[in-house]
file run-v2.csv (CSV, N, CA and C atoms)
chain,number,residue,atom,x,y,z
A,1,MET,N,-49.2,4.4,-102.4
A,1,MET,CA,-48.9,5.4,-101.4
A,1,MET,C,-47.5,5.1,-100.8
A,2,LYS,N,-46.6,6.1,-100.9
A,2,LYS,CA,-45.3,5.9,-100.4
A,2,LYS,C,-44.9,7.1,-99.5
A,3,PRO,N,-43.9,6.9,-98.6
A,3,PRO,CA,-43.5,8.0,-97.8
A,3,PRO,C,-43.1,9.2,-98.6
A,4,GLY,N,-43.5,10.4,-98.1
A,4,GLY,CA,-43.2,11.7,-98.8
A,4,GLY,C,-44.3,12.1,-99.7
A,5,THR,N,-45.3,11.3,-100.0
A,5,THR,CA,-46.4,11.7,-100.8
A,5,THR,C,-47.3,12.6,-100.1
A,6,LYS,N,-47.8,13.7,-100.8
A,6,LYS,CA,-48.7,14.7,-100.2
A,6,LYS,C,-50.1,14.4,-100.7
A,7,LEU,N,-51.1,14.2,-99.8
A,7,LEU,CA,-52.4,13.9,-100.2
A,7,LEU,C,-53.4,15.0,-99.8
A,8,LYS,N,-54.4,15.3,-100.6
A,8,LYS,CA,-55.3,16.4,-100.3
A,8,LYS,C,-56.7,15.8,-100.3
A,9,SER,N,-57.5,16.4,-99.4
A,9,SER,CA,-58.9,16.0,-99.2
A,9,SER,C,-59.8,16.5,-100.3
A,10,ALA,N,-60.8,15.8,-100.7
A,10,ALA,CA,-61.8,16.2,-101.7
A,10,ALA,C,-62.9,17.0,-101.1
A,11,VAL,N,-63.1,16.9,-99.8
A,11,VAL,CA,-64.3,17.5,-99.2
A,11,VAL,C,-64.0,18.6,-98.2
A,12,CYS,N,-62.7,18.9,-97.8
A,12,CYS,CA,-62.3,19.9,-96.9
A,12,CYS,C,-60.9,20.4,-97.2
A,13,ASP,N,-60.4,21.2,-96.4
A,13,ASP,CA,-59.0,21.8,-96.6
A,13,ASP,C,-57.9,20.9,-96.2
A,14,THR,N,-58.2,19.8,-95.6
A,14,THR,CA,-57.1,18.9,-95.0
A,14,THR,C,-56.1,18.5,-96.1
A,15,GLU,N,-54.8,18.6,-95.7
A,15,GLU,CA,-53.7,18.1,-96.5
A,15,GLU,C,-52.8,17.3,-95.5
A,16,VAL,N,-52.3,16.2,-96.0
A,16,VAL,CA,-51.4,15.3,-95.1
A,16,VAL,C,-50.2,14.9,-96.0
A,17,MET,N,-49.1,14.6,-95.2
A,17,MET,CA,-47.9,14.0,-95.9
A,17,MET,C,-47.8,12.6,-95.3
A,18,VAL,N,-47.5,11.7,-96.1
A,18,VAL,CA,-47.3,10.3,-95.7
A,18,VAL,C,-45.9,10.1,-95.1
A,19,ILE,N,-45.9,9.6,-93.9
A,19,ILE,CA,-44.7,9.4,-93.1
A,19,ILE,C,-44.3,7.9,-93.2
A,20,ARG,N,-45.3,7.1,-92.9
A,20,ARG,CA,-45.2,5.6,-93.0
A,20,ARG,C,-46.4,5.1,-93.7
A,21,ALA,N,-46.2,4.2,-94.7
A,21,ALA,CA,-47.3,3.8,-95.6
A,21,ALA,C,-47.5,2.3,-95.5
A,22,SER,N,-48.8,1.9,-95.9
A,22,SER,CA,-49.1,0.5,-96.2
A,22,SER,C,-50.2,0.5,-97.2
A,23,ASP,N,-50.6,-0.7,-97.6
A,23,ASP,CA,-51.7,-0.7,-98.6
A,23,ASP,C,-53.0,-0.4,-97.9
A,24,GLY,N,-53.8,0.4,-98.5
A,24,GLY,CA,-55.1,0.8,-98.0
A,24,GLY,C,-55.5,2.2,-98.6
A,25,ALA,N,-56.8,2.4,-98.6
A,25,ALA,CA,-57.3,3.7,-99.1
A,25,ALA,C,-57.4,4.7,-98.0
A,26,VAL,N,-56.8,5.8,-98.2
A,26,VAL,CA,-56.8,6.9,-97.2
A,26,VAL,C,-58.0,7.8,-97.5
A,27,THR,N,-58.9,8.0,-96.5
A,27,THR,CA,-60.0,8.9,-96.7
A,27,THR,C,-60.0,10.0,-95.7
A,28,CYS,N,-60.6,11.1,-96.1
A,28,CYS,CA,-60.8,12.3,-95.2
A,28,CYS,C,-62.2,12.7,-95.3
A,29,GLY,N,-63.0,12.8,-94.2
A,29,GLY,CA,-64.4,13.2,-94.3
A,29,GLY,C,-65.2,12.2,-95.1
A,30,GLY,N,-64.8,11.0,-95.2
A,30,GLY,CA,-65.5,10.0,-95.9
A,30,GLY,C,-65.3,9.9,-97.4
A,31,ALA,N,-64.4,10.7,-97.9
A,31,ALA,CA,-64.1,10.7,-99.3
A,31,ALA,C,-62.6,10.4,-99.5
A,32,PRO,N,-62.2,9.7,-100.6
A,32,PRO,CA,-60.8,9.3,-100.9
A,32,PRO,C,-59.9,10.6,-101.0
A,33,MET,N,-58.7,10.5,-100.5
A,33,MET,CA,-57.7,11.5,-100.7
A,33,MET,C,-56.9,11.2,-101.9
A,34,ALA,N,-56.4,12.3,-102.6
A,34,ALA,CA,-55.6,12.1,-103.8
A,34,ALA,C,-54.5,13.2,-103.8
A,35,PRO,N,-53.4,13.0,-104.6
A,35,PRO,CA,-52.4,14.0,-104.7
A,35,PRO,C,-52.8,15.4,-105.2
A,36,GLU,N,-53.9,15.4,-106.0
A,36,GLU,CA,-54.5,16.7,-106.4
A,36,GLU,C,-55.9,16.8,-106.0
A,37,ARG,N,-56.3,18.0,-105.6
A,37,ARG,CA,-57.7,18.2,-105.2
A,37,ARG,C,-58.6,18.2,-106.4
A,38,GLY,N,-59.7,17.5,-106.3
A,38,GLY,CA,-60.7,17.4,-107.4
A,38,GLY,C,-61.5,18.6,-107.5
A,39,ASP,N,-62.3,18.8,-108.6
A,39,ASP,CA,-63.2,19.9,-108.8
A,39,ASP,C,-64.5,19.7,-108.1
A,40,ALA,N,-64.9,18.4,-107.9
A,40,ALA,CA,-66.2,18.2,-107.4
A,40,ALA,C,-66.2,18.4,-105.9
A,41,ALA,N,-67.1,19.3,-105.5
A,41,ALA,CA,-67.2,19.7,-104.0
A,41,ALA,C,-68.3,18.8,-103.4
A,42,ALA,N,-67.9,18.0,-102.4
A,42,ALA,CA,-68.9,17.1,-101.7
A,42,ALA,C,-68.9,17.6,-100.3
A,43,ASP,N,-69.9,17.1,-99.5
A,43,ASP,CA,-70.0,17.4,-98.1
A,43,ASP,C,-69.2,16.4,-97.3
A,44,VAL,N,-68.8,16.8,-96.1
A,44,VAL,CA,-68.1,15.9,-95.2
A,44,VAL,C,-69.1,15.0,-94.6
A,45,ASP,N,-68.8,13.7,-94.6
A,45,ASP,CA,-69.6,12.7,-93.9
A,45,ASP,C,-69.7,12.9,-92.4
A,46,PRO,N,-70.9,13.1,-91.8
A,46,PRO,CA,-71.0,13.3,-90.4
A,46,PRO,C,-70.3,12.3,-89.5
A,47,ALA,N,-70.1,11.1,-90.0
A,47,ALA,CA,-69.4,10.0,-89.2
A,47,ALA,C,-67.9,10.3,-89.2
A,48,PHE,N,-67.4,11.1,-90.1
A,48,PHE,CA,-66.0,11.4,-90.2
A,48,PHE,C,-65.8,12.9,-90.2
A,49,ALA,N,-66.4,13.6,-89.2
A,49,ALA,CA,-66.3,15.1,-89.2
A,49,ALA,C,-65.7,15.6,-87.9
A,50,GLU,N,-64.7,14.9,-87.3
A,50,GLU,CA,-64.1,15.3,-86.1
A,50,GLU,C,-63.0,16.4,-86.4
A,51,GLY,N,-62.5,16.4,-87.6
A,51,GLY,CA,-61.5,17.4,-88.0
A,51,GLY,C,-60.1,16.9,-87.8
A,52,THR,N,-59.2,17.7,-88.4
A,52,THR,CA,-57.8,17.4,-88.2
A,52,THR,C,-57.1,18.6,-87.7
A,53,GLN,N,-55.9,18.4,-87.1
A,53,GLN,CA,-55.2,19.5,-86.5
A,53,GLN,C,-53.8,19.6,-87.1
A,54,MET,N,-53.4,20.8,-87.6
A,54,MET,CA,-52.1,20.9,-88.2
A,54,MET,C,-50.9,20.6,-87.3
A,55,GLY,N,-50.0,19.9,-87.8
A,55,GLY,CA,-48.8,19.5,-87.0
A,55,GLY,C,-48.9,18.2,-86.2
A,56,LYS,N,-50.1,17.6,-86.2
A,56,LYS,CA,-50.4,16.3,-85.5
A,56,LYS,C,-50.1,15.2,-86.4
A,57,ARG,N,-49.7,14.1,-85.8
A,57,ARG,CA,-49.4,12.8,-86.6
A,57,ARG,C,-50.6,11.9,-86.3
A,58,TYR,N,-51.1,11.3,-87.3
A,58,TYR,CA,-52.2,10.4,-87.2
A,58,TYR,C,-51.8,9.0,-87.6
A,59,VAL,N,-52.1,8.0,-86.7
A,59,VAL,CA,-51.7,6.6,-86.9
A,59,VAL,C,-52.9,5.6,-86.8
A,60,ASP,N,-52.7,4.4,-87.4
A,60,ASP,CA,-53.7,3.4,-87.2
A,60,ASP,C,-53.4,2.6,-85.9
A,61,GLU,N,-54.2,1.7,-85.5
A,61,GLU,CA,-54.0,0.9,-84.3
A,61,GLU,C,-52.7,0.1,-84.3
A,62,ALA,N,-52.4,-0.5,-85.5
A,62,ALA,CA,-51.2,-1.3,-85.6
A,62,ALA,C,-49.9,-0.5,-85.7
A,63,GLY,N,-50.0,0.8,-86.0
A,63,GLY,CA,-48.8,1.6,-86.2
A,63,GLY,C,-48.2,1.4,-87.5
A,64,THR,N,-48.9,0.9,-88.5
A,64,THR,CA,-48.3,0.6,-89.8
A,64,THR,C,-48.5,1.8,-90.8
A,65,VAL,N,-49.4,2.7,-90.4
A,65,VAL,CA,-49.6,3.9,-91.2
A,65,VAL,C,-49.4,5.2,-90.3
A,66,GLU,N,-48.7,6.2,-90.8
A,66,GLU,CA,-48.5,7.4,-90.1
A,66,GLU,C,-48.6,8.6,-91.1
A,67,LEU,N,-49.5,9.5,-90.8
A,67,LEU,CA,-49.7,10.7,-91.7
A,67,LEU,C,-49.5,11.9,-90.8
A,68,LEU,N,-48.8,12.9,-91.4
A,68,LEU,CA,-48.6,14.2,-90.8
A,68,LEU,C,-49.5,15.2,-91.4
A,69,CYS,N,-50.3,15.9,-90.6
A,69,CYS,CA,-51.3,16.9,-91.1
A,69,CYS,C,-50.5,18.2,-91.3
A,70,VAL,N,-50.5,18.6,-92.6
A,70,VAL,CA,-49.8,19.9,-92.9
A,70,VAL,C,-50.8,21.0,-93.1
A,71,LYS,N,-52.1,20.7,-93.2
A,71,LYS,CA,-53.1,21.8,-93.3
A,71,LYS,C,-54.4,21.2,-92.7
A,72,ALA,N,-54.9,21.9,-91.7
A,72,ALA,CA,-56.1,21.4,-91.0
A,72,ALA,C,-57.4,21.5,-91.8
A,73,GLY,N,-58.3,20.7,-91.4
A,73,GLY,CA,-59.6,20.8,-92.1
A,73,GLY,C,-60.7,20.2,-91.2
A,74,LYS,N,-61.9,20.1,-91.8
A,74,LYS,CA,-63.1,19.7,-91.0
A,74,LYS,C,-63.3,18.2,-91.0
A,75,GLY,N,-62.8,17.5,-92.0
A,75,GLY,CA,-62.9,16.0,-92.0
A,75,GLY,C,-61.9,15.3,-91.2
A,76,SER,N,-62.2,14.1,-90.8
A,76,SER,CA,-61.3,13.2,-90.0
A,76,SER,C,-60.7,12.2,-90.9
A,77,LEU,N,-59.5,11.7,-90.6
A,77,LEU,CA,-58.8,10.7,-91.4
A,77,LEU,C,-59.1,9.3,-91.1
A,78,ALA,N,-59.1,8.4,-92.1
A,78,ALA,CA,-59.4,7.0,-91.9
A,78,ALA,C,-58.6,6.2,-93.0
A,79,ILE,N,-58.4,4.9,-92.7
A,79,ILE,CA,-57.8,4.0,-93.6
A,79,ILE,C,-58.8,2.8,-93.8
A,80,ASP,N,-59.3,2.6,-95.0
A,80,ASP,CA,-60.2,1.6,-95.3
A,80,ASP,C,-61.4,1.6,-94.3
A,81,GLY,N,-61.9,2.8,-94.0
A,81,GLY,CA,-63.1,3.0,-93.1
A,81,GLY,C,-62.8,3.0,-91.7
A,82,VAL,N,-61.6,2.7,-91.2
A,82,VAL,CA,-61.2,2.7,-89.8
A,82,VAL,C,-60.5,4.0,-89.5
A,83,ALA,N,-61.1,4.8,-88.5
A,83,ALA,CA,-60.6,6.1,-88.1
A,83,ALA,C,-59.2,6.0,-87.6
A,84,LEU,N,-58.4,7.0,-87.9
A,84,LEU,CA,-57.0,7.1,-87.4
A,84,LEU,C,-57.1,8.0,-86.1
A,85,LYS,N,-56.1,7.7,-85.2
A,85,LYS,CA,-56.1,8.5,-84.0
A,85,LYS,C,-54.8,9.3,-84.0
A,86,THR,N,-54.7,10.3,-83.1
A,86,THR,CA,-53.5,11.1,-83.0
A,86,THR,C,-52.5,10.4,-82.3
A,87,LYS,N,-51.2,10.5,-82.7
A,87,LYS,CA,-50.1,9.9,-82.1
A,87,LYS,C,-49.7,10.6,-80.9
A,88,ASP,N,-49.6,9.9,-79.7
A,88,ASP,CA,-49.2,10.5,-78.5
A,88,ASP,C,-47.7,10.8,-78.5
A,89,ALA,N,-47.4,11.9,-77.8
A,89,ALA,CA,-45.9,12.3,-77.7
A,89,ALA,C,-45.3,11.4,-76.6
A,90,LYS,N,-44.1,11.0,-76.9
A,90,LYS,CA,-43.3,10.2,-75.9
A,90,LYS,C,-42.8,11.1,-74.8
A,91,SER,N,-43.0,10.6,-73.6
A,91,SER,CA,-42.5,11.3,-72.5
A,91,SER,C,-41.0,11.2,-72.3
A,92,LEU,N,-40.3,12.2,-72.0
A,92,LEU,CA,-38.8,12.2,-71.9
A,92,LEU,C,-38.5,11.8,-70.5
A,93,PRO,N,-37.3,11.1,-70.3
A,93,PRO,CA,-36.9,10.7,-69.0
A,93,PRO,C,-36.6,12.0,-68.1
A,94,SER,N,-36.7,11.8,-66.8
A,94,SER,CA,-36.4,13.0,-66.0
A,94,SER,C,-34.9,13.2,-65.9
A,95,SER,N,-34.5,14.4,-65.7
A,95,SER,CA,-33.1,14.7,-65.6
A,95,SER,C,-32.7,15.0,-64.2
A,96,ASP,N,-32.7,14.0,-63.4
A,96,ASP,CA,-32.4,14.2,-61.9
A,96,ASP,C,-31.1,14.9,-61.7
call {"tool": "encode", "arguments": {"input": "run-v2.csv", "output": "structure tokens"}}
result
Amino acid sequence: MKPGTKLKSAVCDTEVMVIRASDGAVTCGGAPMAPERGDAAADVDPAFAEGTQMGKRYVDEAGTVELLCVKAGKGSLAIDGVALKTKDAKSLPSSD
């Protein structure tokens, strides 16, 4: 996995672009993501069914992985079974 790679979910419509990468298996809805969508249609794992939102960035706790959601879906993102969270926007300084 390298920056600029586009990954597609095998169980829902989610598509992401890799912004920052590390070693680890990216999953969506409990199924591995790949550059091409597979033919096998599986169900979203209920443990990973929070969904994704287009335009949001998803990161791991350490900040070593960052994914940009380019197409929303029903499955939620994880790296090696650990759920990713949305990246919070930085607050701008006030312009007194």
call {"tool": "closest_residue", "arguments": {"input": "run-v2.csv", "among": "A:Thr5, A:Thr86, A:Thr14, A:Thr27", "to": "Arg57 in chain A", "atoms": "all atoms listed in the file"}}
result
A:Thr86
call {"tool": "atom_distance", "arguments": {"input": "run-v2.csv", "atom1": "atom C of Ala21 in chain A", "atom2": "atom N of Pro93 in chain A"}}
result
28.6 Å
call {"tool": "select_by_dssp", "arguments": {"input": "run-v2.csv", "residues": "chain A", "states": "strand (DSSP E or B)", "output": "number ranges by chain"}}
result
A: 6-8, 15-20, 26-28, 31-32, 34, 52, 57-59, 66-71, 73, 77-79, 82-83, 85-86
call {"tool": "write_last_selection", "arguments": {"input": "run-v2.csv", "atoms": "N, CA and C atoms", "output": "short mmCIF file (atom, residue, chain, number, x, y, z; two decimals), in the frame of the given file"}}
result
data_model
loop_
_atom_site.label_atom_id
_atom_site.label_comp_id
_atom_site.auth_asym_id
_atom_site.auth_seq_id
_atom_site.Cartn_x
_atom_site.Cartn_y
_atom_site.Cartn_z
N LYS A 6 -47.80 13.70 -100.80
CA LYS A 6 -48.70 14.70 -100.20
C LYS A 6 -50.10 14.40 -100.70
N LEU A 7 -51.10 14.20 -99.80
CA LEU A 7 -52.40 13.90 -100.20
C LEU A 7 -53.40 15.00 -99.80
N LYS A 8 -54.40 15.30 -100.60
CA LYS A 8 -55.30 16.40 -100.30
C LYS A 8 -56.70 15.80 -100.30
N GLU A 15 -54.80 18.60 -95.70
CA GLU A 15 -53.70 18.10 -96.50
C GLU A 15 -52.80 17.30 -95.50
N VAL A 16 -52.30 16.20 -96.00
CA VAL A 16 -51.40 15.30 -95.10
C VAL A 16 -50.20 14.90 -96.00
N MET A 17 -49.10 14.60 -95.20
CA MET A 17 -47.90 14.00 -95.90
C MET A 17 -47.80 12.60 -95.30
N VAL A 18 -47.50 11.70 -96.10
CA VAL A 18 -47.30 10.30 -95.70
C VAL A 18 -45.90 10.10 -95.10
N ILE A 19 -45.90 9.60 -93.90
CA ILE A 19 -44.70 9.40 -93.10
C ILE A 19 -44.30 7.90 -93.20
N ARG A 20 -45.30 7.10 -92.90
CA ARG A 20 -45.20 5.60 -93.00
C ARG A 20 -46.40 5.10 -93.70
N VAL A 26 -56.80 5.80 -98.20
CA VAL A 26 -56.80 6.90 -97.20
C VAL A 26 -58.00 7.80 -97.50
N THR A 27 -58.90 8.00 -96.50
CA THR A 27 -60.00 8.90 -96.70
C THR A 27 -60.00 10.00 -95.70
N CYS A 28 -60.60 11.10 -96.10
CA CYS A 28 -60.80 12.30 -95.20
C CYS A 28 -62.20 12.70 -95.30
N ALA A 31 -64.40 10.70 -97.90
CA ALA A 31 -64.10 10.70 -99.30
C ALA A 31 -62.60 10.40 -99.50
N PRO A 32 -62.20 9.70 -100.60
CA PRO A 32 -60.80 9.30 -100.90
C PRO A 32 -59.90 10.60 -101.00
N ALA A 34 -56.40 12.30 -102.60
CA ALA A 34 -55.60 12.10 -103.80
C ALA A 34 -54.50 13.20 -103.80
N THR A 52 -59.20 17.70 -88.40
CA THR A 52 -57.80 17.40 -88.20
C THR A 52 -57.10 18.60 -87.70
N ARG A 57 -49.70 14.10 -85.80
CA ARG A 57 -49.40 12.80 -86.60
C ARG A 57 -50.60 11.90 -86.30
N TYR A 58 -51.10 11.30 -87.30
CA TYR A 58 -52.20 10.40 -87.20
C TYR A 58 -51.80 9.00 -87.60
N VAL A 59 -52.10 8.00 -86.70
CA VAL A 59 -51.70 6.60 -86.90
C VAL A 59 -52.90 5.60 -86.80
N GLU A 66 -48.70 6.20 -90.80
CA GLU A 66 -48.50 7.40 -90.10
C GLU A 66 -48.60 8.60 -91.10
N LEU A 67 -49.50 9.50 -90.80
CA LEU A 67 -49.70 10.70 -91.70
C LEU A 67 -49.50 11.90 -90.80
N LEU A 68 -48.80 12.90 -91.40
CA LEU A 68 -48.60 14.20 -90.80
C LEU A 68 -49.50 15.20 -91.40
N CYS A 69 -50.30 15.90 -90.60
CA CYS A 69 -51.30 16.90 -91.10
C CYS A 69 -50.50 18.20 -91.30
N VAL A 70 -50.50 18.60 -92.60
CA VAL A 70 -49.80 19.90 -92.90
C VAL A 70 -50.80 21.00 -93.10
N LYS A 71 -52.10 20.70 -93.20
CA LYS A 71 -53.10 21.80 -93.30
C LYS A 71 -54.40 21.20 -92.70
N GLY A 73 -58.30 20.70 -91.40
CA GLY A 73 -59.60 20.80 -92.10
C GLY A 73 -60.70 20.20 -91.20
N LEU A 77 -59.50 11.70 -90.60
CA LEU A 77 -58.80 10.70 -91.40
C LEU A 77 -59.10 9.30 -91.10
N ALA A 78 -59.10 8.40 -92.10
CA ALA A 78 -59.40 7.00 -91.90
C ALA A 78 -58.60 6.20 -93.00
N ILE A 79 -58.40 4.90 -92.70
CA ILE A 79 -57.80 4.00 -93.60
C ILE A 79 -58.80 2.80 -93.80
N VAL A 82 -61.60 2.70 -91.20
CA VAL A 82 -61.20 2.70 -89.80
C VAL A 82 -60.50 4.00 -89.50
N ALA A 83 -61.10 4.80 -88.50
CA ALA A 83 -60.60 6.10 -88.10
C ALA A 83 -59.20 6.00 -87.60
N LYS A 85 -56.10 7.70 -85.20
CA LYS A 85 -56.10 8.50 -84.00
C LYS A 85 -54.80 9.30 -84.00
N THR A 86 -54.70 10.30 -83.10
CA THR A 86 -53.50 11.10 -83.00
C THR A 86 -52.50 10.40 -82.30
#
call {"tool": "atom_distance", "arguments": {"input": "run-v2.csv", "atom1": "CA of Cys12 in chain A", "atom2": "atom N of Asp88 in chain A"}}
result
23.6 Å
call {"tool": "closest_residue", "arguments": {"input": "run-v2.csv", "among": "A:Gly81, A:Pro46, A:Gly63, A:Gly55", "to": "Arg20 in chain A", "atoms": "all atoms listed in the file"}}
result
A:Gly63
call {"tool": "residues_around", "arguments": {"input": "run-v2.csv", "residues": "Glu36 in chain A", "least_positions_apart": "5", "cutoff": "12 Å", "atoms": "only C-alpha atoms", "output": "PyMOL selection string"}}
result
chain A and resi 5-10+13-16
